[in-house]
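Enquirer: Mind having a look at this structure? Questions to follow.
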Amino acid sequence: MHVPTNAPKHSYDTILDAIGGTPLVKLNTVVPAGAATVYAKCEFMNPAGSIKDRMAWHIIRKAENEGLLKPGGTIVENTSGNTGMGAAMVAAAKGYRAVFTMPDKMSQEKIDGLRSFGAEVIITPTDVPGDSPDHYVNVAKRVAAETPNSFYLDQYHNQWNIEAHEQSTGPELFEQANGGQVDAIVVGTGTGGTISGIGRYFKKHQKDSDHKTLIVGVDPLGSVHYSVFHSGEPSTPYVYKVEGLGEDIVCRAFDPKAVDEMHQVSDYECFTMARRLMREEGLFCGGSSGGMVHVAIEVAKRLGEGKTVIAICPDSGTRYVTKYLNDEWMRMHGFLEKPRGLGVVGDLIEDGAHVVTVHEDTPVRETIDLLRRHGISQVPVTDGTGKPLGMVHEIDILRGLQTDSVTVDSPVKAIETQIGGILSPSARVEELYGIFGSQQAAIVVSEGKIVGVLSEIDLIEHLAKAGGAVNGVRAATV
């Protein structure tokens, strides 16, 4: 960076030089006594208001250096808003045109913010599958293909996304934590680039150290990352309201090997904690930050006093003034009161119950015998570490034998099917409806181990014991 000799102290040539260097702020009120100390990494203090400023500027700078983005060019990207804001800021500072696609669930503040930078915004439907031509990712790809001299950021799959955080956020956190002396870092999984970059940096620089920092991922219920982390395959996604967190497609910018554990959060947990952060800690941050802090507190309670946890707070509350910060919006969506629902998934699992699984190399013959002996119709398929890989149902065996695609001596992995949904024990019972609606069983995973396999009959029995209602809420039809 060139600074004139007569320039004011701490001045920058452009706003882009102000990206990064965000502070750690100790949380003093929302963390209960007896828990580890929790610090918020205030990424909402980046110039365009989010951690995505780091990634957008890094990718665009790399594209310029590689000759992929030339003067007068157009930057195209699919965004939930934050990457778009960062890229729009860069485009304005560098003189590029910008076009962004965005799902219609995103806040008006984000749309207006992008347009204020001079960007064009194309709104797409939220509730469409990832392979739909109307999905915002596919629309962005089409715009980029049809626009001469354009560069598509491709944040979901671009490895420069991971590199941005491995070269920026990771080293910055490492230094702030006195050479990596932090016990856990809690990071959201949107594209997966942030947690992958931070995780890679810490694992590389703590390889020969006795101290290891726990890299903890956060995924909203309805997103696919929790399932990808535990099984390698996505679950069936469904709509959730928190923004800038989670995804409905598998992102190649997400490296599960850089992550130690993954937690799920609900919209309620994200929004209520985010409001507490504003009113009790003075942190003007978004709903996803609430999710990070909610999980960080759970980790802090587990680790106990004397330990340190950092929660990445990705974006600013300015994006959500008409949403979770608005009492009427919260009331309309039922978030002002604690959910009165059907309980949590863990309620359907018997304490100490043995979960029957089958190794992927087990012959079909032995799998048939296993189903018969235990009186079950389906069984999870696992690898040598107990990681769930798929499911085998009686009908899968029947079809395989009938079509001669397998014999009784074939390994069971030859007929396994994709897992429909993986949930944590703390997930709401209501989350089972979407999984069962896809004619799938639900796999319940805690600390990397399968603790339960649930089907429709388990839910029916749970509701029957409660007389068809729980806490005054009637059961929905599956």
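Each chain of the structure tokens is named A, B, ... in the order shown, its residues numbered from 1; ligands are numbered from 1 in display order.
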Counting only C-alpha atoms, what is within 7 Å of Pro388 (chain A), bar same-chain residues fewer than 6 positions away, as a list in words?
Expert: His230, Ser231, Pro380, Val381 and Thr382 of chain A
Enquirer: For region 151-230 of chain A against region 13-26 of chain A, with a cut-off of 12 Å and counting only C-alpha atoms, what is the closest atom pair and its distance in Å to one decimal for every residue that makes the cut, ordered by chain and number, as JSON lines?
Expert:
```
{"residue": "A:Ala164", "atom": "CA", "partner": "A:Gly20", "partner_atom": "CA", "distance": 11.2}
{"residue": "A:His165", "atom": "CA", "partner": "A:Gly20", "partner_atom": "CA", "distance": 10.5}
{"residue": "A:Gln167", "atom": "CA", "partner": "A:Gly20", "partner_atom": "CA", "distance": 11.3}
{"residue": "A:Ser168", "atom": "CA", "partner": "A:Gly20", "partner_atom": "CA", "distance": 7.6}
{"residue": "A:Thr169", "atom": "CA", "partner": "A:Gly20", "partner_atom": "CA", "distance": 7.6}
{"residue": "A:Gly170", "atom": "CA", "partner": "A:Gly20", "partner_atom": "CA", "distance": 11.1}
{"residue": "A:Pro171", "atom": "CA", "partner": "A:Gly21", "partner_atom": "CA", "distance": 10.7}
{"residue": "A:Glu172", "atom": "CA", "partner": "A:Gly21", "partner_atom": "CA", "distance": 7.2}
{"residue": "A:Leu173", "atom": "CA", "partner": "A:Leu24", "partner_atom": "CA", "distance": 8.9}
{"residue": "A:Phe174", "atom": "CA", "partner": "A:Leu24", "partner_atom": "CA", "distance": 11.8}
{"residue": "A:Glu175", "atom": "CA", "partner": "A:Gly21", "partner_atom": "CA", "distance": 10.8}
{"residue": "A:Gln176", "atom": "CA", "partner": "A:Leu24", "partner_atom": "CA", "distance": 7.8}
{"residue": "A:Ala177", "atom": "CA", "partner": "A:Leu24", "partner_atom": "CA", "distance": 9.3}
{"residue": "A:Ile185", "atom": "CA", "partner": "A:Leu24", "partner_atom": "CA", "distance": 12.0}
```
Enquirer: Keeping only N, CA and C atoms, write the selected residues to a file as a PDB file, in the first residue's frame.
Expert:
```
ATOM      1  N   ALA A 164      -8.949 -17.534   1.171  1.00  0.00           N
ATOM      2  CA  ALA A 164      -9.111 -16.193   1.743  1.00  0.00           C
ATOM      3  C   ALA A 164      -9.045 -16.231   3.264  1.00  0.00           C
ATOM      4  N   HIS A 165      -9.708 -17.216   3.851  1.00  0.00           N
ATOM      5  CA  HIS A 165      -9.752 -17.294   5.320  1.00  0.00           C
ATOM      6  C   HIS A 165      -8.527 -18.000   5.893  1.00  0.00           C
ATOM      7  N   GLN A 167      -5.619 -17.429   4.719  1.00  0.00           N
ATOM      8  CA  GLN A 167      -4.563 -16.416   4.658  1.00  0.00           C
ATOM      9  C   GLN A 167      -4.910 -15.140   5.417  1.00  0.00           C
ATOM     10  N   SER A 168      -6.188 -14.970   5.790  1.00  0.00           N
ATOM     11  CA  SER A 168      -6.608 -13.737   6.458  1.00  0.00           C
ATOM     12  C   SER A 168      -7.194 -13.987   7.840  1.00  0.00           C
ATOM     13  N   THR A 169      -8.376 -14.575   7.890  1.00  0.00           N
ATOM     14  CA  THR A 169      -9.082 -14.754   9.158  1.00  0.00           C
ATOM     15  C   THR A 169      -8.337 -15.685  10.111  1.00  0.00           C
ATOM     16  N   GLY A 170      -7.844 -16.799   9.589  1.00  0.00           N
ATOM     17  CA  GLY A 170      -7.131 -17.763  10.418  1.00  0.00           C
ATOM     18  C   GLY A 170      -5.913 -17.169  11.114  1.00  0.00           C
ATOM     19  N   PRO A 171      -4.971 -16.572  10.359  1.00  0.00           N
ATOM     20  CA  PRO A 171      -3.793 -15.967  11.001  1.00  0.00           C
ATOM     21  C   PRO A 171      -4.155 -14.859  11.983  1.00  0.00           C
ATOM     22  N   GLU A 172      -5.166 -14.080  11.642  1.00  0.00           N
ATOM     23  CA  GLU A 172      -5.584 -12.988  12.524  1.00  0.00           C
ATOM     24  C   GLU A 172      -6.089 -13.531  13.864  1.00  0.00           C
ATOM     25  N   LEU A 173      -6.915 -14.572  13.820  1.00  0.00           N
ATOM     26  CA  LEU A 173      -7.412 -15.198  15.041  1.00  0.00           C
ATOM     27  C   LEU A 173      -6.277 -15.829  15.838  1.00  0.00           C
ATOM     28  N   PHE A 174      -5.365 -16.477  15.136  1.00  0.00           N
ATOM     29  CA  PHE A 174      -4.233 -17.145  15.779  1.00  0.00           C
ATOM     30  C   PHE A 174      -3.398 -16.142  16.572  1.00  0.00           C
ATOM     31  N   GLU A 175      -3.172 -14.988  15.954  1.00  0.00           N
ATOM     32  CA  GLU A 175      -2.392 -13.952  16.621  1.00  0.00           C
ATOM     33  C   GLU A 175      -3.162 -13.350  17.794  1.00  0.00           C
ATOM     34  N   GLN A 176      -4.449 -13.077  17.590  1.00  0.00           N
ATOM     35  CA  GLN A 176      -5.258 -12.500  18.663  1.00  0.00           C
ATOM     36  C   GLN A 176      -5.363 -13.441  19.860  1.00  0.00           C
ATOM     37  N   ALA A 177      -5.289 -14.742  19.594  1.00  0.00           N
ATOM     38  CA  ALA A 177      -5.401 -15.744  20.656  1.00  0.00           C
ATOM     39  C   ALA A 177      -4.028 -16.119  21.206  1.00  0.00           C
ATOM     40  N   ILE A 185     -13.220 -22.537  18.584  1.00  0.00           N
ATOM     41  CA  ILE A 185     -13.697 -21.458  17.719  1.00  0.00           C
ATOM     42  C   ILE A 185     -14.982 -21.948  17.070  1.00  0.00           C
TER      43      ILE A 185
END
```
Enquirer: Just want the 10 Å neighbourhood of region 70-73 of chain A, counted on only C-alpha atoms, with same-chain residues fewer than 5 positions away dropped. Output as a list of chain:residue names.
Expert: A:Ala63, A:Glu64, A:Asn65, A:Ala91, A:Lys94, A:Gly95, A:Tyr96, A:Arg97, A:Ala98, A:Thr147, A:Pro148, A:Asn149, A:Ser150, A:Phe151
Enquirer: With only C-alpha atoms as the atoms that count, which of A:Ile457, A:Val239, A:Leu348, A:Val408 lies nearest to Ser377 (chain A)?
Expert: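 Once distances to Ser377 (chain A) are computed over only C-alpha atoms, the minimum belongs to A:Ile457.
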Enquirer: Find the spatial neighbours of Thr417 (chain A), counting only C-alpha atoms, within a cut-off of 8 Å - ignore same-chain residues fewer than 3 positions away - and output them as a PyMOL selection string.
Expert: chain A and resi 390-392+396
Enquirer: Of the candidates A:Lys257, A:Lys323, A:His393, A:His157, which shows the shortest atom-to-atom distance to Arg275 (chain A), using only C-alpha atoms?
Expert: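 Distance minimum relative to Arg275 (chain A) lands on A:Lys323.
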Enquirer: Can you tell me which residues surround Leu153 (chain A) at a distance of at most 12 Å, considering only C-alpha atoms, apart from same-chain residues fewer than 2 positions away, and format the answer as a PyMOL selection string?
Expert: chain A and resi 55-64+68-69+74-79+83-84+86-88+98-101+137+140-141+144+150-151+155-161
Enquirer: Write out the residues from the selection above, keeping N, CA and C atoms, as a compact mmCIF listing (two decimals), in the first residue's frame.
Expert:
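Saved as selection31.txt:
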```txt
# COMPACT_ATOMS: atom_id res chain seq x y z
N MET A 55 -13.45 -12.48 1.82
CA MET A 55 -13.48 -13.44 0.73
C MET A 55 -13.71 -12.79 -0.63
N ALA A 56 -14.65 -11.83 -0.68
CA ALA A 56 -14.96 -11.17 -1.95
C ALA A 56 -13.74 -10.45 -2.51
N TRP A 57 -13.04 -9.70 -1.66
CA TRP A 57 -11.86 -8.95 -2.10
C TRP A 57 -10.73 -9.90 -2.50
N HIS A 58 -10.55 -10.98 -1.76
CA HIS A 58 -9.49 -11.94 -2.07
C HIS A 58 -9.73 -12.60 -3.43
N ILE A 59 -10.96 -13.06 -3.66
CA ILE A 59 -11.26 -13.74 -4.93
C ILE A 59 -11.13 -12.78 -6.11
N ILE A 60 -11.63 -11.57 -5.95
CA ILE A 60 -11.56 -10.60 -7.05
C ILE A 60 -10.10 -10.24 -7.33
N ARG A 61 -9.31 -10.06 -6.29
CA ARG A 61 -7.89 -9.76 -6.47
C ARG A 61 -7.17 -10.91 -7.17
N LYS A 62 -7.49 -12.15 -6.80
CA LYS A 62 -6.90 -13.31 -7.46
C LYS A 62 -7.33 -13.38 -8.92
N ALA A 63 -8.59 -13.07 -9.19
CA ALA A 63 -9.09 -13.09 -10.57
C ALA A 63 -8.37 -12.05 -11.43
N GLU A 64 -8.12 -10.89 -10.85
CA GLU A 64 -7.36 -9.85 -11.57
C GLU A 64 -5.95 -10.34 -11.89
N LEU A 68 -8.47 -13.19 -15.21
CA LEU A 68 -9.86 -13.62 -15.38
C LEU A 68 -10.84 -12.46 -15.29
N LEU A 69 -10.40 -11.37 -14.69
CA LEU A 69 -11.23 -10.17 -14.57
C LEU A 69 -10.42 -8.98 -15.07
N THR A 74 -17.47 -7.36 -15.70
CA THR A 74 -18.66 -7.50 -14.86
C THR A 74 -18.46 -8.62 -13.86
N ILE A 75 -18.73 -8.34 -12.60
CA ILE A 75 -18.67 -9.35 -11.55
C ILE A 75 -20.07 -9.92 -11.37
N VAL A 76 -20.20 -11.25 -11.43
CA VAL A 76 -21.50 -11.92 -11.29
C VAL A 76 -21.41 -12.90 -10.12
N GLU A 77 -22.44 -12.92 -9.28
CA GLU A 77 -22.44 -13.85 -8.17
C GLU A 77 -23.85 -14.11 -7.65
N ASN A 78 -24.04 -15.34 -7.13
CA ASN A 78 -25.24 -15.68 -6.38
C ASN A 78 -24.93 -15.42 -4.91
N THR A 79 -25.84 -14.78 -4.20
CA THR A 79 -25.51 -14.35 -2.85
C THR A 79 -26.74 -14.31 -1.96
N THR A 83 -21.94 -11.64 0.72
CA THR A 83 -20.90 -11.70 -0.31
C THR A 83 -21.17 -10.65 -1.38
N GLY A 84 -22.44 -10.49 -1.70
CA GLY A 84 -22.80 -9.47 -2.68
C GLY A 84 -22.41 -8.08 -2.23
N GLY A 86 -20.01 -7.27 -0.13
CA GLY A 86 -18.56 -7.15 -0.21
C GLY A 86 -18.09 -6.99 -1.64
N ALA A 87 -18.64 -7.80 -2.54
CA ALA A 87 -18.25 -7.72 -3.94
C ALA A 87 -18.71 -6.41 -4.58
N ALA A 88 -19.90 -5.93 -4.17
CA ALA A 88 -20.41 -4.66 -4.71
C ALA A 88 -19.51 -3.51 -4.26
N ALA A 98 -21.52 -4.87 -11.59
CA ALA A 98 -21.84 -6.02 -10.74
C ALA A 98 -23.28 -6.44 -10.92
N VAL A 99 -23.51 -7.77 -11.03
CA VAL A 99 -24.85 -8.34 -11.13
C VAL A 99 -24.95 -9.48 -10.12
N PHE A 100 -25.99 -9.45 -9.28
CA PHE A 100 -26.14 -10.47 -8.25
C PHE A 100 -27.53 -11.10 -8.31
N THR A 101 -27.58 -12.41 -8.05
CA THR A 101 -28.85 -13.11 -7.90
C THR A 101 -29.04 -13.41 -6.42
N VAL A 137 -28.35 -19.92 -7.76
CA VAL A 137 -27.01 -20.29 -8.23
C VAL A 137 -27.02 -20.50 -9.74
N ALA A 140 -27.37 -17.26 -11.70
CA ALA A 140 -26.10 -16.53 -11.76
C ALA A 140 -25.17 -17.13 -12.80
N LYS A 141 -25.10 -18.45 -12.87
CA LYS A 141 -24.26 -19.11 -13.86
C LYS A 141 -24.71 -18.75 -15.27
N ALA A 144 -23.72 -15.13 -16.07
CA ALA A 144 -22.29 -15.04 -16.33
C ALA A 144 -21.95 -15.58 -17.72
N SER A 150 -17.15 -11.18 -18.30
CA SER A 150 -17.66 -11.29 -16.93
C SER A 150 -16.82 -12.29 -16.14
N PHE A 151 -16.89 -12.16 -14.82
CA PHE A 151 -16.22 -13.11 -13.93
C PHE A 151 -17.22 -13.57 -12.88
N GLN A 155 -18.71 -18.53 -5.17
CA GLN A 155 -18.28 -18.65 -3.77
C GLN A 155 -18.53 -20.02 -3.17
N TYR A 156 -19.52 -20.76 -3.65
CA TYR A 156 -19.86 -22.05 -3.06
C TYR A 156 -18.85 -23.14 -3.40
N HIS A 157 -18.15 -22.98 -4.51
CA HIS A 157 -17.24 -24.03 -4.94
C HIS A 157 -15.81 -23.55 -5.17
N ASN A 158 -15.59 -22.25 -5.14
CA ASN A 158 -14.27 -21.69 -5.44
C ASN A 158 -13.32 -21.94 -4.27
N GLN A 159 -12.19 -22.59 -4.55
CA GLN A 159 -11.21 -22.87 -3.50
C GLN A 159 -10.52 -21.61 -2.99
N TRP A 160 -10.60 -20.53 -3.75
CA TRP A 160 -10.07 -19.25 -3.27
C TRP A 160 -10.88 -18.74 -2.07
N ASN A 161 -12.11 -19.21 -1.95
CA ASN A 161 -12.93 -18.88 -0.78
C ASN A 161 -12.24 -19.38 0.49
```
Enquirer: I'd like the neighbourhood of Ile162 (chain A) as number ranges by chain, where a residue qualifies if any of its atoms comes within 7 Å (using only C-alpha atoms), though same-chain residues fewer than 6 positions away should be ignored.
Expert: A: 193-194, 196-197, 253
Enquirer: Could you dump the residues just selected with N, CA and C atoms as a tab-separated table (two decimals), in the first residue's frame?
Expert:
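Now in out13.tsv:
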```tsv
chain	number	residue	atom	x	y	z
A	193	GLY	N	-16.53	-21.85	3.41
A	193	GLY	CA	-15.18	-21.33	3.22
A	193	GLY	C	-14.54	-20.80	4.49
A	194	THR	N	-15.32	-20.10	5.31
A	194	THR	CA	-14.76	-19.51	6.53
A	194	THR	C	-14.25	-20.57	7.48
A	196	SER	N	-13.60	-23.70	6.88
A	196	SER	CA	-12.57	-24.53	6.26
A	196	SER	C	-11.22	-23.84	6.30
A	197	GLY	N	-11.20	-22.54	5.99
A	197	GLY	CA	-9.94	-21.80	6.01
A	197	GLY	C	-9.36	-21.65	7.40
A	253	ALA	N	-16.58	-25.62	-1.35
A	253	ALA	CA	-15.78	-24.75	-0.49
A	253	ALA	C	-15.88	-25.16	0.97
```
Enquirer: Select, from A:Gly346, A:Gly190, A:Gly232, A:Gly317, the residue with the minimum atom-to-atom distance to Gly49 (chain A), counting only C-alpha atoms.
Expert: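 With only C-alpha atoms as the atom set, the closest residue is A:Gly317.
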Enquirer: May I ask for the distance between CA of Ala442 (chain A) and CA of His359 (chain A), given in Å to one decimal place?
Expert: 18.3 Å
Enquirer: Distance table requested - region 47-116 of chain A against region 282-305 of chain A, cut-off 12 Å, only C-alpha atoms: one row per qualifying residue with the closest atom pair and its distance in Å to one decimal, ordered by chain and rising residue number, as a tab-separated table.
Expert:
```
residue	atom	partner	partner_atom	distance
A:Gly49	CA	A:Cys285	CA	9.3
A:Ser50	CA	A:Cys285	CA	9.4
A:Ile51	CA	A:Ser289	CA	11.2
A:Asn82	CA	A:Gly286	CA	10.9
A:Ser107	CA	A:Gly286	CA	11.4
A:Lys110	CA	A:Gly286	CA	11.9
```
Enquirer: Would you list, as a VMD selection string, the residues of region 305-376 of chain A that end up in strand (DSSP E or B) under DSSP run on this structure's backbone?
Expert: chain A and resid 308 to 313 315 to 316 344 358 to 359 363
Enquirer: Have a look at CA of Leu277 (chain A) and CA of Ser424 (chain A) and let me know their distance in Å, one decimal.
Expert: 25.0 Å
Enquirer: In Å to one decimal, how far is CA of Val265 (chain A) from CA of Asp112 (chain A)?
Expert: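 CA of Asp112 (chain A) sits 28.1 Å away from CA of Val265 (chain A).
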Enquirer: Give me the residues within 12 Å of Asp260 (chain A) as a compact mmCIF listing (two decimals) with N, CA and C atoms, in the first residue's frame, counting only C-alpha atoms and dropping any in the same chain fewer than 6 places off.
Expert:
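Written out: part_16.txt:
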```txt
# COMPACT_ATOMS: atom_id res chain seq x y z
N ALA A 184 -11.68 -23.29 21.72
CA ALA A 184 -12.66 -23.60 20.67
C ALA A 184 -12.99 -22.35 19.88
N ILE A 185 -13.22 -22.54 18.58
CA ILE A 185 -13.70 -21.46 17.72
C ILE A 185 -14.98 -21.95 17.07
N VAL A 186 -16.04 -21.17 17.20
CA VAL A 186 -17.35 -21.55 16.67
C VAL A 186 -17.63 -20.73 15.42
N VAL A 187 -17.88 -21.43 14.32
CA VAL A 187 -17.99 -20.78 13.01
C VAL A 187 -19.22 -21.31 12.28
N ILE A 195 -15.08 -21.55 7.81
CA ILE A 195 -14.66 -22.57 8.76
C ILE A 195 -13.57 -23.45 8.19
N SER A 196 -13.60 -23.70 6.88
CA SER A 196 -12.57 -24.53 6.26
C SER A 196 -11.22 -23.84 6.30
N ILE A 198 -10.23 -21.30 8.37
CA ILE A 198 -9.79 -21.17 9.76
C ILE A 198 -9.31 -22.52 10.29
N GLY A 199 -10.10 -23.57 10.02
CA GLY A 199 -9.74 -24.90 10.49
C GLY A 199 -8.42 -25.38 9.92
N ARG A 200 -8.22 -25.18 8.63
CA ARG A 200 -6.96 -25.60 8.01
C ARG A 200 -5.77 -24.88 8.62
N PHE A 202 -5.44 -23.44 11.64
CA PHE A 202 -5.16 -23.85 13.01
C PHE A 202 -4.61 -25.28 13.06
N LYS A 203 -5.14 -26.17 12.25
CA LYS A 203 -4.65 -27.55 12.27
C LYS A 203 -3.22 -27.63 11.75
N LYS A 212 -4.57 -28.13 21.10
CA LYS A 212 -5.39 -28.23 19.88
C LYS A 212 -6.68 -27.42 20.08
N THR A 213 -6.95 -26.54 19.13
CA THR A 213 -8.19 -25.76 19.17
C THR A 213 -9.32 -26.54 18.51
N LEU A 214 -10.44 -26.64 19.20
CA LEU A 214 -11.61 -27.33 18.66
C LEU A 214 -12.29 -26.42 17.64
N ILE A 215 -12.46 -26.89 16.42
CA ILE A 215 -13.13 -26.12 15.37
C ILE A 215 -14.57 -26.63 15.29
N VAL A 216 -15.52 -25.77 15.67
CA VAL A 216 -16.92 -26.16 15.83
C VAL A 216 -17.78 -25.49 14.76
N GLY A 217 -18.48 -26.28 13.98
CA GLY A 217 -19.35 -25.75 12.95
C GLY A 217 -20.78 -25.59 13.44
N VAL A 218 -21.49 -24.64 12.83
CA VAL A 218 -22.90 -24.40 13.16
C VAL A 218 -23.72 -24.42 11.88
N PHE A 229 -21.35 -33.39 6.95
CA PHE A 229 -20.27 -33.58 7.91
C PHE A 229 -20.28 -34.99 8.48
N HIS A 230 -21.48 -35.49 8.82
CA HIS A 230 -21.57 -36.78 9.49
C HIS A 230 -21.61 -37.97 8.54
N GLU A 447 -22.23 -36.33 18.81
CA GLU A 447 -20.79 -36.48 18.98
C GLU A 447 -20.21 -37.52 18.03
N GLY A 448 -20.70 -37.49 16.80
CA GLY A 448 -20.16 -38.36 15.76
C GLY A 448 -20.67 -39.79 15.78
```
Enquirer: Return the single residue from A:Glu350, A:Glu243, A:Asp210, A:Asp134 that is closest to Gly188 (chain A), with distances computed using only C-alpha atoms.
Expert: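 That would be A:Glu243, the residue with the smallest distance to Gly188 (chain A).
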Enquirer: A:Glu281, A:Asp154, A:Asp267, A:Glu430: which is nearest Cys251 (chain A), counting only C-alpha atoms?
Expert: A:Asp154
